[in-house]
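Undergrad: Supplied in structure tokens, the structure appears directly below.
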Amino acid sequence: MAAPTVLDLNHFWVDSGPRAWAQRRVELRTLDALAGHPRGGRVLELGCGRRGNGLRLALDRLQATSVHGVELSPDSAAAARRAVRDPRVTVEAGDARDLGPSHDGYDVVLAFHVLHHTERWRTVVAEAARVLKPGGLLLSAEMTADLVDSSLLRTFSHHPDDGDRPTPATLAAAARDAGMQVVGQRTRFLGAWTAMVAVRP
């Protein structure tokens, strides 16, 4: 049984300045190196949050020609649209577990810490594989079950209680089960964080 959440501080961290710094200076840098420094093309970010940090990184660091964000919360999707006013960026409220037929042909799908917040996270990985064009890349950075399911983190950070949080091994297996090839993975902080790049053949 998961430890109870006494005070949920997720909303303070997810869209915070320190989180944006870590995303830019550590996570995307690691993913970019694992992926071989891809540039340009159409990018989809899953769970873009209120500040749209990943949307900006796709433009600035990946030099995307267009970026689309999908965010489960309509309020957060609207906030992201206001935060990132760029004609190359669109954001919609939607569920990453069911992206629908209108999404396809992406060069890159970005997933920054969205899977461990999601029930049936393997469905999100399968959807990412489906909407990538051949040769397209899934770039995923995740806190793993070792941290997400720890009593200390759950005391101050609520996550689904379905008992299935990603681990480095299960994340890679989910990508392979979805028909992708894992081209690089790096795990740090005693197994608490993993970055993975997978390609759709």
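Letters A, B, ... go to the chains of the structure tokens in the order shown; residues in each chain start at 1; ligands are counted from 1 in the same order.
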With a distance cut-off of 8 Å and only C-alpha atoms, select the neighbouring residues of range 99-110 of chain A, excluding the residue or stretch itself and same-chain residues fewer than 2 positions from it, and output the selection as a PyMOL selection string.
TA: chain A and resi 41-46+54+94-97+112+127-128+130-133+135-140
Undergrad: Could you please write out, as a PyMOL selection string, every residue of range 91-183 of chain A that DSSP assigns to strand (DSSP E)?
TA: chain A and resi 91-93+106-112+132-143+181-183
Undergrad: Using CA of Asp15 in chain A and CA of His37 in chain A as the two end points, give the distance in Å to one decimal.
TA: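 Straight-line distance from CA of Asp15 in chain A to CA of His37 in chain A works out to 25.5 Å.
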Undergrad: Please identify all polymer residues within 9 Å of Glu92 in chain A, counting only C-alpha atoms, omitting same-chain residues fewer than 2 positions from it, and present them as number ranges by chain.
TA: A: 68-72, 74, 77-78, 81, 90, 94
Undergrad: Only N, CA and C atoms, please: the residues just picked out, written as a compact mmCIF listing (two decimals), in the first residue's frame.
TA:
```txt
# COMPACT_ATOMS: atom_id res chain seq x y z
N HIS A 68 3.87 21.04 -30.84
CA HIS A 68 2.50 20.88 -30.36
C HIS A 68 2.55 20.31 -28.96
N GLY A 69 1.81 20.92 -28.04
CA GLY A 69 1.75 20.43 -26.67
C GLY A 69 0.39 19.84 -26.36
N VAL A 70 0.38 18.74 -25.62
CA VAL A 70 -0.85 18.12 -25.14
C VAL A 70 -0.78 18.10 -23.61
N GLU A 71 -1.82 18.66 -22.98
CA GLU A 71 -1.86 18.78 -21.52
C GLU A 71 -3.23 18.34 -21.03
N LEU A 72 -3.25 17.46 -20.02
CA LEU A 72 -4.51 16.89 -19.55
C LEU A 72 -5.44 17.95 -18.97
N PRO A 74 -7.30 21.37 -18.84
CA PRO A 74 -7.62 22.50 -19.72
C PRO A 74 -7.08 23.82 -19.20
N ALA A 77 -3.40 23.88 -20.01
CA ALA A 77 -3.21 24.06 -21.45
C ALA A 77 -3.38 25.52 -21.84
N ALA A 78 -4.40 26.16 -21.28
CA ALA A 78 -4.64 27.58 -21.56
C ALA A 78 -3.49 28.43 -21.03
N ARG A 81 -0.52 28.17 -23.36
CA ARG A 81 -0.71 28.98 -24.57
C ARG A 81 -0.38 30.44 -24.30
N THR A 90 1.47 25.27 -30.78
CA THR A 90 0.05 25.08 -30.47
C THR A 90 -0.03 24.18 -29.24
N GLY A 94 -5.80 17.54 -23.76
CA GLY A 94 -6.00 16.19 -24.27
C GLY A 94 -5.30 15.17 -23.39
```
Undergrad: Return as a ChimeraX atom specification the full set of residues in range 19-104 of chain A whose backbone-based DSSP assignment is alpha helix (DSSP H).
TA: /A:19-22,28-35,53-60,74-83
Undergrad: Given the choices A:Val91, A:Ala192, A:Ala172, A:Ala141, which gets closest to Ser66 in chain A if the distance is worked out from only C-alpha atoms?
TA: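 Among A:Val91, A:Ala192, A:Ala172, A:Ala141, it is A:Val91 that comes nearest to Ser66 in chain A.
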Undergrad: Check the smallest atom-to-atom distance from each of A:Ala93, A:Val182, A:Leu55, A:Ala35 to Ala20 in chain A using only C-alpha atoms, then report the winner.
TA: A:Leu55
Undergrad: What does the distance from CA of Pro168 in chain A to CA of Leu28 in chain A come to in Å, to one decimal?
TA: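 Result for CA of Pro168 in chain A versus CA of Leu28 in chain A: 17.2 Å, one decimal.
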Undergrad: Using only C-alpha atoms, determine which residues lie at most 6 Å from range 113-118 of chain A, disregarding the query and same-chain residues fewer than 2 positions distant; provide the list as a list in words.
TA: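 Near range 113-118 of chain A, the qualifying residues are Gly47, Ala111, Trp121, Ala141, Glu142, His159 and Arg165 of chain A.
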Undergrad: Near range 23-25 of chain A, within 9 Å and counting only C-alpha atoms, which residues show up once chain neighbours fewer than 4 positions away are dropped, as a list in words?
TA: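 Close residues of range 23-25 of chain A: Pro18, Arg19, Arg29, Thr30, Asn53, Gly54, Leu57, Arg61, Phe112 and Ala141 of chain A.
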Undergrad: Keeping only N, CA and C atoms, write those residues as a compact mmCIF listing (two decimals), in the first residue's frame.
TA:
```txt
# COMPACT_ATOMS: atom_id res chain seq x y z
N PRO A 18 13.47 26.37 -10.60
CA PRO A 18 14.47 25.31 -10.48
C PRO A 18 14.16 24.09 -11.34
N ARG A 19 12.87 23.76 -11.48
CA ARG A 19 12.49 22.64 -12.37
C ARG A 19 12.85 22.96 -13.81
N ARG A 29 19.82 18.21 -22.02
CA ARG A 29 21.22 18.03 -22.43
C ARG A 29 21.57 16.54 -22.51
N THR A 30 21.13 15.77 -21.53
CA THR A 30 21.39 14.33 -21.55
C THR A 30 20.66 13.65 -22.71
N ASN A 53 7.72 25.00 -20.49
CA ASN A 53 9.18 24.96 -20.55
C ASN A 53 9.69 24.04 -21.65
N GLY A 54 9.09 22.86 -21.78
CA GLY A 54 9.52 21.93 -22.81
C GLY A 54 9.23 22.44 -24.22
N LEU A 57 12.03 24.71 -25.02
CA LEU A 57 13.26 23.96 -25.28
C LEU A 57 13.24 23.33 -26.67
N ARG A 61 16.37 24.69 -28.33
CA ARG A 61 17.48 23.72 -28.30
C ARG A 61 17.38 22.68 -29.40
N PHE A 112 8.64 14.66 -20.55
CA PHE A 112 9.37 15.03 -19.34
C PHE A 112 8.52 14.73 -18.11
N ALA A 141 12.39 11.59 -20.02
CA ALA A 141 13.11 11.74 -18.76
C ALA A 141 12.12 11.47 -17.64
```
Undergrad: Which residue gives the smallest distance to Val125 in chain A among A:Ala173, A:Ala58, A:Leu34, A:Val67, with only C-alpha atoms counted?
TA: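 Closest to Val125 in chain A of all the choices is A:Ala173.
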Undergrad: For Ala80 in chain A, which of A:Cys48, A:Leu59, A:Ala33, A:Ala198 is the closest residue, counting only C-alpha atoms?
TA: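 Among the listed residues, the smallest separation from Ala80 in chain A belongs to A:Cys48.
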Undergrad: Which of these, A:Pro134, A:Gly17, A:Asp164, A:Met143, has the shortest distance to Val199 in chain A once you count only C-alpha atoms?
TA: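 When distances to Val199 in chain A are compared using only C-alpha atoms, the smallest one comes from A:Pro134.
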